[in-house]
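Coordinates as given in coords.tsv (TSV, C-alpha atoms):
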```
chain	number	residue	atom	x	y	z
A	1	MET	CA	86.41	15.41	58.11
A	2	ALA	CA	89.91	15.22	59.60
A	3	ALA	CA	92.67	13.98	57.33
A	4	PRO	CA	95.54	11.97	58.80
A	5	ASP	CA	98.33	14.20	60.01
A	6	ARG	CA	101.31	12.79	58.18
A	7	ASP	CA	103.61	15.55	59.38
A	8	ALA	CA	102.75	15.29	63.05
A	9	THR	CA	106.00	13.60	63.99
A	10	ALA	CA	108.13	16.17	62.19
A	11	GLY	CA	107.96	18.63	65.08
A	12	LEU	CA	108.73	22.30	64.63
A	13	GLU	CA	111.31	21.97	61.88
A	14	PRO	CA	109.99	22.71	58.40
A	15	VAL	CA	110.24	19.60	56.27
A	16	ARG	CA	111.68	20.69	52.94
A	17	GLY	CA	111.50	18.64	49.79
A	18	ARG	CA	108.73	16.33	50.97
A	19	PRO	CA	105.46	17.08	49.14
A	20	ARG	CA	102.60	18.16	51.40
A	21	ASP	CA	99.57	15.92	51.58
A	22	PRO	CA	96.78	17.85	49.84
A	23	ARG	CA	94.26	16.07	52.05
A	24	THR	CA	95.86	17.72	55.08
A	25	ASP	CA	95.48	21.17	53.49
A	26	SER	CA	91.86	20.43	52.60
A	27	ALA	CA	91.12	19.32	56.13
A	28	ILE	CA	92.67	22.52	57.52
A	29	MET	CA	90.68	24.69	55.10
A	30	ALA	CA	87.41	22.86	55.85
A	31	ALA	CA	87.96	23.04	59.61
A	32	THR	CA	88.76	26.77	59.42
A	33	ARG	CA	85.62	27.50	57.42
A	34	ARG	CA	83.49	25.51	59.85
A	35	LEU	CA	85.00	27.29	62.86
A	36	LEU	CA	84.54	30.72	61.27
A	37	THR	CA	80.80	30.28	60.84
A	38	ASP	CA	80.41	28.45	64.17
A	39	VAL	CA	82.33	30.73	66.54
A	40	GLY	CA	83.44	33.81	64.53
A	41	TYR	CA	86.85	35.19	63.58
A	42	ASP	CA	87.91	36.31	67.06
A	43	GLN	CA	87.37	32.89	68.61
A	44	VAL	CA	89.29	30.98	65.91
A	45	SER	CA	92.87	30.10	66.88
A	46	MET	CA	95.66	27.99	65.42
A	47	GLU	CA	94.97	25.63	68.33
A	48	SER	CA	91.26	25.25	67.56
A	49	ILE	CA	91.93	24.82	63.83
A	50	ALA	CA	94.52	22.10	64.56
A	51	ARG	CA	92.11	20.30	66.89
A	52	ALA	CA	89.19	20.51	64.45
A	53	ALA	CA	91.31	19.38	61.50
A	54	GLY	CA	93.02	16.60	63.44
A	55	VAL	CA	96.53	17.91	62.72
A	56	SER	CA	99.29	19.40	64.85
A	57	ARG	CA	99.86	23.14	65.15
A	58	PRO	CA	103.32	22.86	63.53
A	59	THR	CA	101.66	21.28	60.49
A	60	ILE	CA	99.57	24.43	60.06
A	61	TYR	CA	102.48	26.81	60.77
A	62	ARG	CA	104.55	24.99	58.13
A	63	ARG	CA	102.29	26.47	55.50
A	64	TRP	CA	100.64	29.56	57.04
A	65	SER	CA	102.43	32.14	59.19
A	66	SER	CA	99.41	33.15	61.27
A	67	LYS	CA	95.73	32.53	61.88
A	68	ALA	CA	94.87	35.51	59.66
A	69	HIS	CA	96.66	33.88	56.71
A	70	VAL	CA	94.85	30.56	57.19
A	71	VAL	CA	91.51	32.36	57.51
A	72	PHE	CA	92.26	34.50	54.46
A	73	GLU	CA	92.86	31.45	52.28
A	74	ALA	CA	89.94	29.48	53.76
A	75	ALA	CA	87.42	32.31	53.43
A	76	PHE	CA	88.42	33.76	50.09
A	77	ALA	CA	89.29	30.42	48.42
A	78	ILE	CA	92.31	31.53	46.48
A	79	ASP	CA	92.74	29.27	43.49
A	80	GLY	CA	94.78	31.69	41.40
A	81	ASP	CA	91.85	32.22	39.12
A	82	THR	CA	89.00	34.12	40.75
A	83	ALA	CA	85.70	34.38	38.93
A	84	GLU	CA	85.65	36.43	35.77
A	85	LEU	CA	83.28	39.37	35.47
A	86	PRO	CA	80.03	38.82	33.57
A	87	ARG	CA	80.32	39.72	29.87
A	88	SER	CA	76.91	39.66	28.21
A	89	GLY	CA	77.77	42.50	25.85
A	90	ASP	CA	75.10	44.68	27.47
A	91	PHE	CA	76.63	47.05	30.04
A	92	GLU	CA	73.59	47.44	32.27
A	93	THR	CA	73.09	43.67	32.41
A	94	ASP	CA	76.74	43.15	33.31
A	95	LEU	CA	76.58	45.93	35.91
A	96	ARG	CA	73.57	44.29	37.58
A	97	GLU	CA	75.34	40.93	37.63
A	98	PHE	CA	78.46	42.54	39.09
A	99	VAL	CA	76.45	44.14	41.91
A	100	ARG	CA	74.47	40.96	42.55
A	101	GLY	CA	77.69	38.94	42.67
A	102	ALA	CA	79.32	41.44	45.04
A	103	VAL	CA	76.39	41.34	47.49
A	104	ALA	CA	76.33	37.53	47.34
A	105	PHE	CA	80.09	37.45	47.96
A	106	TRP	CA	79.98	39.70	51.07
A	107	ARG	CA	77.00	37.69	52.39
A	108	GLU	CA	78.60	34.26	52.08
A	109	PRO	CA	78.63	33.10	55.71
A	110	VAL	CA	82.37	32.38	55.69
A	111	VAL	CA	83.23	35.69	54.01
A	112	GLU	CA	80.89	37.57	56.33
A	113	ALA	CA	82.54	35.95	59.37
A	114	ALA	CA	86.10	36.62	58.16
A	115	THR	CA	86.16	39.97	56.38
A	116	LEU	CA	86.16	42.54	59.18
A	117	GLY	CA	88.69	40.54	61.20
A	118	ILE	CA	91.00	40.19	58.20
A	119	LEU	CA	90.72	43.89	57.33
A	120	ALA	CA	91.52	44.83	60.93
A	121	GLU	CA	94.43	42.38	61.04
A	122	ARG	CA	96.03	43.49	57.78
A	123	ARG	CA	96.60	46.96	59.24
A	124	ARG	CA	99.64	45.44	60.96
A	125	ASP	CA	100.53	42.69	58.50
A	126	SER	CA	101.87	44.12	55.24
A	127	GLU	CA	102.02	40.74	53.50
A	128	LEU	CA	98.35	40.14	54.28
A	129	HIS	CA	97.61	43.68	53.10
A	130	ILE	CA	99.18	42.98	49.74
A	131	ARG	CA	97.41	39.64	49.35
A	132	THR	CA	93.96	41.07	50.15
A	133	GLN	CA	94.59	43.99	47.83
A	134	GLN	CA	95.57	41.65	45.01
A	135	LEU	CA	92.68	39.27	45.45
A	136	LEU	CA	89.79	41.49	46.46
A	137	ASP	CA	90.77	44.52	44.52
A	138	ASP	CA	93.37	44.76	41.77
A	139	LYS	CA	92.17	41.97	39.48
A	140	ILE	CA	88.46	42.82	39.66
A	141	ARG	CA	89.24	46.55	39.44
A	142	ALA	CA	91.08	45.99	36.15
A	143	GLU	CA	88.26	43.83	34.79
A	144	LEU	CA	85.65	46.45	35.65
A	145	ALA	CA	87.76	49.14	33.97
A	146	GLU	CA	87.81	47.00	30.82
A	147	LEU	CA	84.02	46.56	30.95
A	148	VAL	CA	83.53	50.33	31.24
A	149	ARG	CA	86.01	51.04	28.43
A	150	THR	CA	84.16	48.69	26.11
A	151	ALA	CA	80.82	50.31	27.00
A	152	ALA	CA	82.32	53.77	26.43
A	153	ASP	CA	83.61	52.66	23.01
A	154	GLN	CA	80.08	51.48	22.20
A	155	GLY	CA	78.78	54.93	23.20
A	156	VAL	CA	76.69	53.47	26.04
A	157	VAL	CA	78.66	54.96	28.91
A	158	ARG	CA	80.14	58.44	29.20
A	159	ALA	CA	83.85	58.39	28.43
A	160	ASP	CA	84.67	60.52	31.49
A	161	VAL	CA	83.31	58.03	34.04
A	162	ASP	CA	86.11	57.40	36.55
A	163	THR	CA	86.49	53.63	36.72
A	164	ASP	CA	88.36	53.64	40.04
A	165	THR	CA	85.56	55.57	41.67
A	166	LEU	CA	82.93	53.36	40.03
A	167	PHE	CA	84.73	50.33	41.45
A	168	ASN	CA	84.80	51.88	44.93
A	169	VAL	CA	81.08	52.70	44.58
A	170	LEU	CA	80.11	49.16	43.60
A	171	VAL	CA	82.33	47.30	46.04
A	172	GLY	CA	82.03	49.86	48.86
A	173	THR	CA	78.25	50.19	48.68
A	174	THR	CA	77.70	46.43	48.61
A	175	PHE	CA	80.26	45.95	51.41
A	176	TYR	CA	78.55	48.57	53.56
A	177	GLY	CA	75.05	47.37	52.67
A	178	ALA	CA	75.88	43.73	53.46
A	179	LEU	CA	78.37	43.94	56.34
A	180	VAL	CA	77.70	47.24	58.12
A	181	ASP	CA	74.11	48.29	57.44
A	182	GLY	CA	73.08	44.66	57.05
A	183	ARG	CA	69.41	45.48	56.46
A	184	ALA	CA	69.53	46.01	52.69
A	185	ASP	CA	67.49	43.53	50.63
A	186	THR	CA	69.62	42.19	47.76
A	187	ASP	CA	67.10	42.68	44.91
A	188	HIS	CA	66.26	46.17	46.14
A	189	LEU	CA	69.94	47.10	46.45
A	190	VAL	CA	70.73	45.80	42.94
A	191	ASP	CA	67.80	47.69	41.40
A	192	THR	CA	68.29	51.01	43.16
A	193	LEU	CA	72.09	51.08	43.01
A	194	CYS	CA	72.22	50.25	39.29
A	195	SER	CA	69.46	52.77	38.55
A	196	LEU	CA	71.34	55.49	40.45
A	197	ILE	CA	74.61	54.65	38.71
A	198	MET	CA	73.12	54.54	35.23
A	199	HIS	CA	70.80	57.53	35.42
A	200	GLY	CA	72.13	59.70	38.24
A	201	ALA	CA	70.10	61.60	40.82
A	202	GLN	CA	69.61	64.83	38.90
A	203	THR	CA	66.37	65.53	37.07
A	204	ARG	CA	66.72	65.72	33.29
A	205	GLU	CA	65.58	69.31	32.79
A	206	LYS	CA	68.26	70.63	35.14
A	207	GLU	CA	71.14	69.29	33.04
B	1	MET	CA	97.77	64.05	81.14
B	2	ALA	CA	96.75	61.67	83.94
B	3	ALA	CA	94.00	62.87	86.25
B	4	PRO	CA	94.02	61.85	89.91
B	5	ASP	CA	92.22	58.56	90.42
B	6	ARG	CA	89.74	59.45	93.11
B	7	ASP	CA	88.05	56.07	92.97
B	8	ALA	CA	91.22	54.01	93.21
B	9	THR	CA	90.60	53.00	96.81
B	10	ALA	CA	87.02	51.93	96.15
B	11	GLY	CA	88.12	48.55	94.80
B	12	LEU	CA	85.81	46.45	92.68
B	13	GLU	CA	82.53	47.56	94.21
B	14	PRO	CA	80.65	50.14	92.15
B	15	VAL	CA	80.29	53.32	94.17
B	16	ARG	CA	76.71	54.44	93.79
B	17	GLY	CA	75.48	57.92	94.54
B	18	ARG	CA	78.89	59.56	94.42
B	19	PRO	CA	79.26	61.77	91.32
B	20	ARG	CA	82.04	60.73	88.94
B	21	ASP	CA	84.92	63.12	88.52
B	22	PRO	CA	84.64	64.41	84.93
B	23	ARG	CA	88.42	64.88	84.87
B	24	THR	CA	88.81	61.13	85.33
B	25	ASP	CA	86.55	60.46	82.32
B	26	SER	CA	88.47	63.00	80.23
B	27	ALA	CA	91.78	61.39	81.16
B	28	ILE	CA	90.45	57.95	80.17
B	29	MET	CA	89.15	59.26	76.83
B	30	ALA	CA	92.40	61.09	76.05
B	31	ALA	CA	94.53	58.08	77.00
B	32	THR	CA	92.38	55.77	74.84
B	33	ARG	CA	92.67	58.06	71.82
B	34	ARG	CA	96.42	58.32	72.27
B	35	LEU	CA	96.81	54.55	72.57
B	36	LEU	CA	94.63	53.92	69.51
B	37	THR	CA	96.82	55.99	67.22
B	38	ASP	CA	100.05	54.82	68.89
B	39	VAL	CA	99.52	51.04	68.98
B	40	GLY	CA	96.24	50.29	67.17
B	41	TYR	CA	92.93	48.79	68.31
B	42	ASP	CA	94.15	45.24	68.89
B	43	GLN	CA	96.94	46.29	71.24
B	44	VAL	CA	94.74	48.53	73.39
B	45	SER	CA	93.54	46.88	76.62
B	46	MET	CA	91.69	48.00	79.73
B	47	GLU	CA	95.03	47.51	81.49
B	48	SER	CA	96.95	49.79	79.11
B	49	ILE	CA	94.21	52.43	79.19
B	50	ALA	CA	94.23	52.40	83.01
B	51	ARG	CA	98.00	52.74	83.10
B	52	ALA	CA	98.08	55.55	80.51
B	53	ALA	CA	95.25	57.44	82.22
B	54	GLY	CA	96.65	56.95	85.73
B	55	VAL	CA	93.47	55.28	87.02
B	56	SER	CA	92.59	51.78	88.21
B	57	ARG	CA	90.90	49.21	85.98
B	58	PRO	CA	87.80	49.13	88.22
B	59	THR	CA	87.42	52.87	87.67
B	60	ILE	CA	87.12	52.23	83.94
B	61	TYR	CA	84.84	49.21	84.34
B	62	ARG	CA	82.55	51.27	86.55
B	63	ARG	CA	81.54	53.24	83.48
B	64	TRP	CA	82.33	51.05	80.44
B	65	SER	CA	81.62	47.33	80.21
B	66	SER	CA	84.49	46.50	77.82
B	67	LYS	CA	87.41	47.92	75.89
B	68	ALA	CA	85.22	48.16	72.78
B	69	HIS	CA	82.79	50.47	74.59
B	70	VAL	CA	85.60	52.75	75.85
B	71	VAL	CA	87.12	52.86	72.37
B	72	PHE	CA	83.74	53.52	70.76
B	73	GLU	CA	83.13	56.56	72.96
B	74	ALA	CA	86.73	57.80	72.66
B	75	ALA	CA	86.91	57.46	68.87
B	76	PHE	CA	83.45	58.62	67.92
B	77	ALA	CA	83.14	61.34	70.57
B	78	ILE	CA	79.52	60.86	71.47
B	79	ASP	CA	78.14	64.09	72.82
B	80	GLY	CA	74.50	63.34	72.08
B	81	ASP	CA	74.55	65.87	69.29
B	82	THR	CA	76.64	64.81	66.29
B	83	ALA	CA	77.34	67.32	63.54
B	84	GLU	CA	74.41	68.42	61.44
B	85	LEU	CA	74.48	67.92	57.68
B	86	PRO	CA	75.41	70.92	55.52
B	87	ARG	CA	72.36	72.91	54.38
B	88	SER	CA	73.37	75.52	51.82
B	89	GLY	CA	70.09	75.22	49.93
B	90	ASP	CA	71.94	73.92	46.84
B	91	PHE	CA	71.78	70.13	46.66
B	92	GLU	CA	75.01	69.53	44.75
B	93	THR	CA	76.94	71.81	47.13
B	94	ASP	CA	75.51	69.97	50.13
B	95	LEU	CA	76.24	66.60	48.53
B	96	ARG	CA	79.89	67.57	47.99
B	97	GLU	CA	80.18	68.73	51.59
B	98	PHE	CA	78.61	65.50	52.80
B	99	VAL	CA	81.10	63.39	50.84
B	100	ARG	CA	84.04	65.55	51.89
B	101	GLY	CA	82.96	65.31	55.53
B	102	ALA	CA	82.54	61.53	55.29
B	103	VAL	CA	86.05	61.03	53.84
B	104	ALA	CA	87.52	63.33	56.49
B	105	PHE	CA	85.66	61.41	59.21
B	106	TRP	CA	86.92	57.96	58.12
B	107	ARG	CA	90.44	59.37	57.79
B	108	GLU	CA	90.64	60.90	61.27
B	109	PRO	CA	93.54	58.95	62.79
B	110	VAL	CA	91.53	57.86	65.83
B	111	VAL	CA	88.51	56.82	63.73
B	112	GLU	CA	90.76	55.03	61.24
B	113	ALA	CA	92.44	53.12	64.08
B	114	ALA	CA	89.16	52.16	65.79
B	115	THR	CA	86.57	51.51	63.09
B	116	LEU	CA	87.41	48.03	61.78
B	117	GLY	CA	88.02	46.71	65.28
B	118	ILE	CA	84.72	48.12	66.54
B	119	LEU	CA	82.80	46.75	63.54
B	120	ALA	CA	84.34	43.30	64.08
B	121	GLU	CA	83.61	43.44	67.82
B	122	ARG	CA	80.00	44.49	67.50
B	123	ARG	CA	79.21	41.25	65.68
B	124	ARG	CA	79.11	39.63	69.11
B	125	ASP	CA	78.01	42.60	71.24
B	126	SER	CA	74.42	43.56	70.53
B	127	GLU	CA	74.53	46.68	72.72
B	128	LEU	CA	77.56	47.95	70.80
B	129	HIS	CA	75.78	47.09	67.56
B	130	ILE	CA	72.82	49.25	68.50
B	131	ARG	CA	75.02	52.15	69.62
B	132	THR	CA	77.11	52.16	66.43
B	133	GLN	CA	73.97	51.90	64.32
B	134	GLN	CA	72.40	54.84	66.13
B	135	LEU	CA	75.45	57.06	65.97
B	136	LEU	CA	76.99	56.26	62.60
B	137	ASP	CA	73.86	55.49	60.74
B	138	ASP	CA	70.30	56.26	61.80
B	139	LYS	CA	70.63	59.96	62.54
B	140	ILE	CA	72.69	60.86	59.47
B	141	ARG	CA	70.56	58.57	57.28
B	142	ALA	CA	67.44	60.49	58.31
B	143	GLU	CA	69.12	63.85	57.69
B	144	LEU	CA	70.27	62.80	54.22
B	145	ALA	CA	66.73	61.61	53.41
B	146	GLU	CA	65.42	65.05	54.38
B	147	LEU	CA	68.03	66.74	52.17
B	148	VAL	CA	67.01	64.59	49.20
B	149	ARG	CA	63.29	65.16	49.83
B	150	THR	CA	63.82	68.93	49.83
B	151	ALA	CA	65.80	68.72	46.58
B	152	ALA	CA	63.09	66.54	45.04
B	153	ASP	CA	60.44	69.07	46.08
B	154	GLN	CA	62.54	71.77	44.36
B	155	GLY	CA	62.64	69.61	41.21
B	156	VAL	CA	66.42	69.28	41.36
B	157	VAL	CA	66.56	65.58	42.18
B	158	ARG	CA	64.44	62.78	40.74
B	159	ALA	CA	61.64	61.85	43.13
B	160	ASP	CA	62.35	58.13	42.75
B	161	VAL	CA	65.93	58.27	44.08
B	162	ASP	CA	66.15	55.72	46.88
B	163	THR	CA	67.56	57.60	49.86
B	164	ASP	CA	68.64	54.46	51.75
B	165	THR	CA	70.70	53.34	48.77
B	166	LEU	CA	72.11	56.84	48.27
B	167	PHE	CA	73.18	56.83	51.92
B	168	ASN	CA	74.86	53.43	51.51
B	169	VAL	CA	76.60	54.71	48.35
B	170	LEU	CA	77.96	57.84	50.04
B	171	VAL	CA	78.99	56.25	53.32
B	172	GLY	CA	80.04	52.90	51.82
B	173	THR	CA	82.12	54.38	49.00
B	174	THR	CA	83.94	56.78	51.30
B	175	PHE	CA	84.42	54.02	53.89
B	176	TYR	CA	85.88	51.68	51.27
B	177	GLY	CA	87.92	54.43	49.62
B	178	ALA	CA	89.42	55.61	52.91
B	179	LEU	CA	89.73	52.42	54.98
B	180	VAL	CA	90.03	49.54	52.51
B	181	ASP	CA	91.35	50.90	49.21
B	182	GLY	CA	93.19	53.65	51.02
B	183	ARG	CA	94.72	55.09	47.86
B	184	ALA	CA	91.89	57.43	46.85
B	185	ASP	CA	92.77	61.14	46.85
B	186	THR	CA	90.06	63.09	48.71
B	187	ASP	CA	89.49	65.86	46.13
B	188	HIS	CA	89.41	63.35	43.29
B	189	LEU	CA	86.98	61.10	45.18
B	190	VAL	CA	84.66	64.02	45.99
B	191	ASP	CA	84.66	65.23	42.36
B	192	THR	CA	84.20	61.88	40.65
B	193	LEU	CA	81.72	60.41	43.15
B	194	CYS	CA	79.47	63.49	43.13
B	195	SER	CA	79.64	63.69	39.33
B	196	LEU	CA	78.65	60.03	39.00
B	197	ILE	CA	75.81	60.41	41.50
B	198	MET	CA	74.43	63.57	39.91
B	199	HIS	CA	74.76	62.68	36.24
B	200	GLY	CA	74.96	58.88	36.12
B	201	ALA	CA	77.17	56.78	33.87
B	202	GLN	CA	74.87	56.48	30.88
B	203	THR	CA	75.36	58.72	27.85
B	204	ARG	CA	72.51	61.15	27.22
B	205	GLU	CA	71.43	59.91	23.81
B	206	LYS	CA	70.82	56.38	25.13
B	207	GLU	CA	68.17	57.45	27.63
```

Rewritten as C-alpha cells:
Amino acid sequence: MAAPDRDATAGLEPVRGRPRDPRTDSAIMAATRRLLTDVGYDQVSMESIARAAGVSRPTIYRRWSSKAHVVFEAAFAIDGDTAELPRSGDFETDLREFVRGAVAFWREPVVEAATLGILAERRRDSELHIRTQQLLDDKIRAELAELVRTAADQGVVRADVDTDTLFNVLVGTTFYGALVDGRADTDHLVDTLCSLIMHGAQTREKE
Amino acid sequence: MAAPDRDATAGLEPVRGRPRDPRTDSAIMAATRRLLTDVGYDQVSMESIARAAGVSRPTIYRRWSSKAHVVFEAAFAIDGDTAELPRSGDFETDLREFVRGAVAFWREPVVEAATLGILAERRRDSELHIRTQQLLDDKIRAELAELVRTAADQGVVRADVDTDTLFNVLVGTTFYGALVDGRADTDHLVDTLCSLIMHGAQTREKE
C-alpha cells in the first residue's frame, strides 16, 4: 500500500517547484482512511499516518497543515466535483434519493469515523470551517434549492417552502439518525421522513 | 469560586464511607462550565479543572472516571429530572415550544462547547454512550410520542405519523441548524420548521 517517499530526504523545508508524486498523496489518503476505520479519529496522528503510508511526517505537512485537514480530505474525498443531486423530474422521487444518499453518506465507515471529530476540530480552525461549509453544505444547499424551485414552478411543491430549512431538515435528520441516534433503519427513515415532509403531520380536515 | 479541598490529603485512595462535600462538587461543576466556554472542550483537562476548582485531581477522579464524564454532567446538568415538554393542549403551540426549546438548548454556550466533543468521545466509551442516550434522547423521545398520540386521539395529527422520525427531525434539524450550519435565525427556524412539519411541502391539489 505504501508508495515510495520521494521527498523523505528534503527535510522540513517545503520543496517548491518540484511536482508532488501523486502516488505519495494516494498512499497518504489510503492510510488515513484505513486508520480512521481501524482506530477512530482521536487515535489517528500525523505520526501514525506517516508510518502507515511509509512516508515522513514532513512529507505530509508539506501538503496538509494538520491531522484534521488530512482526515477531512481522506474522508470526504474532495475532487472538486461532488456528486450531483438526483434529477428524475419527479420531486418526490428525487427527494427520496436525496434522503437515501444522505443516510448512506453519513453511514460510510470513513465518514462515520471522521465527522464528529472534524466538526469538533473546526470550531477552532476557521480554514477547516470554511472548507467543510463549502463541501458539505453550500453546493448541495444550492442544488436542493434549485430542485425545490423547479418543483414549485411545476405546481408540485408549495412556493413558500423555505429551502434553507428543508435542507437543514434533510441533512440534520439524516445526520442525527445515522450518527447520534444510530438506531434508525435506512428504508424506514427514507419512507417516514419523505412522507412527513411531503404531507405534513396535520390531518386534512383541520386545514 | 474555589471550594476548600477537603479530600486533598487523602491521596489516590478512594475514601469510602465519608460523605462528599457538596461544595466541592459544585466548585468542580462551575469550574468545568467556565473552562468549557473559555477554552473549549479539547483544551479542558482533569488538570485544568482541578486547578480552576482548587481541588486535587484525585478528588475529581473519585467521582468521575474521565474528563468526558465531568463535562457531560457539567454541561447537561443532570438532576435526574430534566425539563418536561410543554403541554398547552394545543399541538402546534407545543410543537413550536419544543422546537424553540431545542434550539435554545443547543445554543447554550456550555452545551455548544461540549456537545460535539462528548458525541465524538462516546464512540469509544459505552457508559457515556448510554448516559447521553438516556438523557438527551430516550426520555424526551417518549414524551414527544405521548404528545403526538394525544394529538392523534384529538384528530389533530395524522395517526400514521412516525414519532421516532418526528423526534429525529425536530432534534436533528435544530442540532444541525444550531451547531453545524450555525447561521439559522431562531425565530425563522421555529416558524419554517413547524410550518413544514404541520402542512408538508406538497401543494394541496396534488394530494

Which residues of chain B sit at most 8 Å from chain A, using all atoms listed in the file? Give each one's shortest atom pair and distance in Å (one decimal place), in chain and ascending residue order, as a Markdown table.
```
| residue | atom | partner | partner_atom | distance |
| --- | --- | --- | --- | --- |
| B:Leu116 | CA | A:Ala120 | CA | 5.3 |
| B:Gly117 | CA | A:Ala120 | CA | 5.9 |
| B:Leu119 | CA | A:Leu116 | CA | 6.9 |
| B:Ala120 | CA | A:Leu116 | CA | 5.3 |
| B:Gln133 | CA | A:Asp181 | CA | 7.8 |
| B:Asp137 | CA | A:Asp181 | CA | 7.9 |
| B:Gly155 | CA | A:Thr203 | CA | 6.9 |
| B:Val156 | CA | A:Thr203 | CA | 5.7 |
| B:Val157 | CA | A:Gln202 | CA | 4.5 |
| B:Arg158 | CA | A:Thr203 | CA | 5.0 |
| B:Val161 | CA | A:Ala201 | CA | 6.3 |
| B:Asp162 | CA | A:Thr192 | CA | 6.4 |
| B:Thr165 | CA | A:Leu193 | CA | 6.3 |
| B:Leu166 | CA | A:Leu193 | CA | 7.8 |
| B:Asn168 | CA | A:Thr173 | CA | 5.5 |
| B:Val169 | CA | A:Thr173 | CA | 4.8 |
| B:Leu170 | CA | A:Thr173 | CA | 7.8 |
| B:Val171 | CA | A:Thr173 | CA | 7.7 |
| B:Gly172 | CA | A:Thr173 | CA | 4.5 |
| B:Thr173 | CA | A:Gly172 | CA | 4.5 |
| B:Thr174 | CA | A:Gly172 | CA | 7.6 |
| B:Phe175 | CA | A:Gly172 | CA | 7.0 |
| B:Tyr176 | CA | A:Gly172 | CA | 4.9 |
| B:Gly177 | CA | A:Asn168 | CA | 6.2 |
| B:Val180 | CA | A:Leu119 | CA | 7.5 |
| B:Asp181 | CA | A:Gln133 | CA | 7.8 |
| B:Leu189 | CA | A:Thr165 | CA | 6.7 |
| B:Thr192 | CA | A:Asp162 | CA | 6.4 |
| B:Leu193 | CA | A:Thr165 | CA | 6.4 |
| B:Leu196 | CA | A:Gly200 | CA | 6.6 |
| B:Ile197 | CA | A:Gly200 | CA | 5.0 |
| B:Met198 | CA | A:Gly200 | CA | 4.8 |
| B:His199 | CA | A:Gly200 | CA | 4.4 |
| B:Gly200 | CA | A:Gly200 | CA | 3.6 |
| B:Ala201 | CA | A:Met198 | CA | 4.8 |
| B:Gln202 | CA | A:Val157 | CA | 4.5 |
| B:Thr203 | CA | A:Arg158 | CA | 5.0 |
| B:Lys206 | CA | A:Val156 | CA | 6.6 |
```

Give the answer as one residue: which of A:Arg62, A:Ala74, A:Val55, A:Ala142 has the shortest atom-to-atom distance to Thr32 (chain A), using only C-alpha atoms?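 So, comparing all the options, the nearest one is A:Ala74.
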
Please, what distance in Å, to one decimal, runs between CA of Thr186 (chain B) and CA of Glu108 (chain B)? 12.8 Å
